[in-house]
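Working notes, beginning with the structure itself.
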Amino acid sequence: MLALIGVLVVIAGALMLALLPYTLAGERAYREAPPCPEGETRSRECRSQFPATVAAKVTDGEGRSKNWFVSLRFADGSEQRVQVPSGRSVFEVLDVGEPVTVTAWRGQIREFSAGPDQVRASASPAGRFKGPLMVGLFALPLGSSLLWASHCVRSARRTGRTLQSAGV
């Protein structure tokens with residue numbers, strides 16, 4: 001059983017590390033995306049910035065599963081509800097009717113900033129590599145340790161020794 005858990009942890013860590021090139025490529029593409037030409041706001045591979053206004057603020061859920069959303073109204077009159085990924089502090093600073101600058105990339109709103117202090121809510125792919133990297137770097141040694149412990153237990157049982165007599 002210990003060996004099975006060790007193998008699963010090693011596989012999970014290896015998969016997380018295998019995802020790193022893709023997350024880094026997404027971050028690189030976002031950072032290197034050129035600004036969109038004037039008038040073109042919905043292109044796939046350029047970053048467009050345009051003004052919007054905070055139309056409403058909505059809190060969803062309770063306790064630890066609480067999510068904060070902002071409805072943004074654009075110049076053409078359309079509205080879009082966007083989750084505030086930065087959390088409650090950014091949500092509380094924004095006021096209804098406040099102008100914001102929206103940054104869109106690949107058809108999705110990635111950032112919006114408001115106010116003289118440049119309060120920023122970001123859902124950009126920048127920094128997304130940290131989670132898989134941390135999980136991979138933690139899981140590989142943990143899984144390897146579990147596999148080694150499994151090997152020690154199996155060797156002790158095969159020779160008829162107890163774990164205490166083997167010093168484990």
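Chain labels A, B, ... are given in the sequence in which chains occur in the structure tokens; within each chain residues are numbered consecutively from 1, and ligands are likewise numbered from 1 in the order shown.
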Could you find all residues in chain A that DSSP calls strand (DSSP E) from the backbone, and write them as a ChimeraX atom specification?
/A:48-60,67-74,79-83,99-105,108-114,119-122
Surrounding residues of Gly136 of chain A excluding itself and chain neighbours under 4 positions, 10 Å, only C-alpha atoms, as a PyMOL selection string
chain A and resi 9-20+130-132+140-142
Run DSSP on the backbone and tell me which residues of segment 13-164 of chain A come out as helix (DSSP H, G or I); list them as a VMD selection string.
chain A and resid 13 to 32 63 to 65 88 to 93 130 to 159
If we count only C-alpha atoms, what is near Glu98 of chain A at a cut-off of 10 Å, once residues fewer than 2 positions away on the same chain are taken out, given as a list in words?
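The contact residues come out as Ala52, Thr53, Val54, Ala55, Leu72, Leu94, Asp95, Val96, Val100, Ala114 and Gly115 of chain A.
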Could you save the residues just selected, with all heavy atoms, as a short mmCIF file (atom, residue, chain, number, x, y, z; two decimals), in the first residue's frame?
```
data_model
loop_
_atom_site.label_atom_id
_atom_site.label_comp_id
_atom_site.auth_asym_id
_atom_site.auth_seq_id
_atom_site.Cartn_x
_atom_site.Cartn_y
_atom_site.Cartn_z
N ALA A 52 -14.00 51.16 -19.16
CA ALA A 52 -15.27 50.59 -18.72
C ALA A 52 -15.64 51.28 -17.41
O ALA A 52 -14.85 52.04 -16.85
CB ALA A 52 -15.16 49.08 -18.54
N THR A 53 -16.83 50.99 -16.94
CA THR A 53 -17.32 51.55 -15.68
C THR A 53 -17.84 50.41 -14.81
O THR A 53 -18.44 49.46 -15.32
CB THR A 53 -18.48 52.54 -15.94
OG1 THR A 53 -18.07 53.46 -16.94
CG2 THR A 53 -18.85 53.30 -14.70
N VAL A 54 -17.61 50.49 -13.51
CA VAL A 54 -18.13 49.49 -12.59
C VAL A 54 -19.64 49.69 -12.48
O VAL A 54 -20.10 50.73 -12.00
CB VAL A 54 -17.46 49.60 -11.20
CG1 VAL A 54 -18.08 48.60 -10.24
CG2 VAL A 54 -15.96 49.39 -11.31
N ALA A 55 -20.42 48.73 -12.95
CA ALA A 55 -21.88 48.84 -12.94
C ALA A 55 -22.48 48.28 -11.66
O ALA A 55 -23.46 48.80 -11.14
CB ALA A 55 -22.47 48.12 -14.15
N LEU A 72 -18.94 44.99 -15.28
CA LEU A 72 -18.33 46.11 -15.98
C LEU A 72 -19.21 46.52 -17.15
O LEU A 72 -19.66 45.67 -17.92
CB LEU A 72 -16.94 45.72 -16.49
CG LEU A 72 -15.91 45.33 -15.42
CD1 LEU A 72 -14.64 44.85 -16.07
CD2 LEU A 72 -15.63 46.50 -14.50
N LEU A 94 -13.18 49.28 -4.91
CA LEU A 94 -13.94 49.70 -6.09
C LEU A 94 -15.31 50.23 -5.70
O LEU A 94 -15.96 49.68 -4.81
CB LEU A 94 -14.11 48.53 -7.05
CG LEU A 94 -12.86 48.02 -7.73
CD1 LEU A 94 -13.17 46.75 -8.50
CD2 LEU A 94 -12.29 49.07 -8.65
N ASP A 95 -15.74 51.29 -6.36
CA ASP A 95 -17.06 51.86 -6.14
C ASP A 95 -17.89 51.73 -7.41
O ASP A 95 -17.35 51.79 -8.53
CB ASP A 95 -16.95 53.34 -5.76
CG ASP A 95 -16.27 53.54 -4.42
OD1 ASP A 95 -16.53 52.73 -3.51
OD2 ASP A 95 -15.49 54.50 -4.29
N VAL A 96 -19.20 51.59 -7.25
CA VAL A 96 -20.09 51.55 -8.40
C VAL A 96 -20.03 52.90 -9.10
O VAL A 96 -20.07 53.95 -8.47
CB VAL A 96 -21.53 51.22 -7.96
CG1 VAL A 96 -22.49 51.31 -9.13
CG2 VAL A 96 -21.59 49.84 -7.34
N VAL A 100 -12.79 52.27 -14.92
CA VAL A 100 -11.68 51.32 -14.86
C VAL A 100 -11.10 51.17 -16.26
O VAL A 100 -11.76 51.43 -17.25
CB VAL A 100 -12.11 49.93 -14.31
CG1 VAL A 100 -12.54 50.02 -12.88
CG2 VAL A 100 -13.19 49.32 -15.16
N ALA A 114 -8.14 50.53 -11.53
CA ALA A 114 -8.98 51.70 -11.27
C ALA A 114 -8.31 52.62 -10.27
O ALA A 114 -7.49 52.19 -9.46
CB ALA A 114 -10.33 51.26 -10.72
N GLY A 115 -8.70 53.88 -10.33
CA GLY A 115 -8.31 54.85 -9.31
C GLY A 115 -6.90 55.36 -9.45
O GLY A 115 -6.09 54.85 -10.22
#
```
Go ahead and compute the interatomic distance for atom CA of Ser144 of chain A and atom CA of Gly6 of chain A, in Å to one decimal.
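These two atoms are separated by 6.5 Å.
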I'd like to know which of A:Val70, A:Ala156, A:Ala56, A:Cys46 is closest to Gly97 of chain A, using only C-alpha atoms.
A:Ala56
I want to know what sits within 10 Å of Ala75 of chain A, based on only C-alpha atoms, with residues of the same chain fewer than 2 positions away left out; could you give that as a compact mmCIF listing (two decimals) with N, CA, C and O atoms, in the first residue's frame?
```
# COMPACT_ATOMS: atom_id res chain seq x y z
N PHE A 50 -9.18 49.12 -22.95
CA PHE A 50 -10.30 50.00 -23.24
C PHE A 50 -10.98 50.37 -21.92
O PHE A 50 -10.86 49.67 -20.93
N PRO A 51 -11.69 51.50 -21.93
CA PRO A 51 -12.34 51.97 -20.70
C PRO A 51 -13.65 51.23 -20.42
O PRO A 51 -14.32 50.74 -21.34
N ALA A 52 -14.00 51.16 -19.16
CA ALA A 52 -15.27 50.59 -18.72
C ALA A 52 -15.64 51.28 -17.41
O ALA A 52 -14.85 52.04 -16.85
N THR A 53 -16.83 50.99 -16.94
CA THR A 53 -17.32 51.55 -15.68
C THR A 53 -17.84 50.41 -14.81
O THR A 53 -18.44 49.46 -15.32
N ARG A 73 -19.45 47.82 -17.28
CA ARG A 73 -20.25 48.35 -18.40
C ARG A 73 -19.29 49.03 -19.37
O ARG A 73 -18.50 49.88 -18.98
N GLY A 77 -22.46 49.98 -24.20
CA GLY A 77 -23.63 49.69 -23.38
C GLY A 77 -23.71 48.26 -22.89
O GLY A 77 -24.54 47.94 -22.05
N SER A 78 -22.85 47.39 -23.39
CA SER A 78 -22.87 45.99 -22.95
C SER A 78 -22.22 45.87 -21.58
O SER A 78 -21.44 46.71 -21.16
N GLU A 79 -22.59 44.80 -20.88
CA GLU A 79 -22.03 44.54 -19.55
C GLU A 79 -21.45 43.13 -19.52
O GLU A 79 -21.91 42.24 -20.22
```
If I take atom CA of Gln108 of chain A and atom CA of Leu133 of chain A, how far is one from the other in Å, to one decimal?
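Atom CA of Leu133 of chain A lies 25.1 Å from atom CA of Gln108 of chain A.
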Hey, what's within 9 Å of segment 148-150 of chain A if we count only C-alpha atoms and toss same-chain stuff fewer than 6 positions away? As a compact mmCIF listing (two decimals) with N, CA and C atoms, in the first residue's frame, please?
```txt
# COMPACT_ATOMS: atom_id res chain seq x y z
N MET A 1 0.81 -1.19 0.00
CA MET A 1 0.00 0.00 0.00
C MET A 1 0.86 1.26 0.00
N LEU A 2 1.93 1.22 0.78
CA LEU A 2 2.84 2.36 0.85
C LEU A 2 3.50 2.61 -0.50
N ALA A 3 3.83 1.55 -1.21
CA ALA A 3 4.45 1.68 -2.53
C ALA A 3 3.47 2.29 -3.53
N GLY A 6 3.23 5.93 -2.84
CA GLY A 6 4.47 6.56 -3.30
C GLY A 6 4.49 6.73 -4.82
N VAL A 168 14.53 0.87 11.71
CA VAL A 168 13.61 1.72 10.92
C VAL A 168 12.51 2.25 11.78
```
In Å and to one decimal, atom CA of Phe69 of chain A is distant from atom CA of Tyr30 of chain A by 23.2 Å
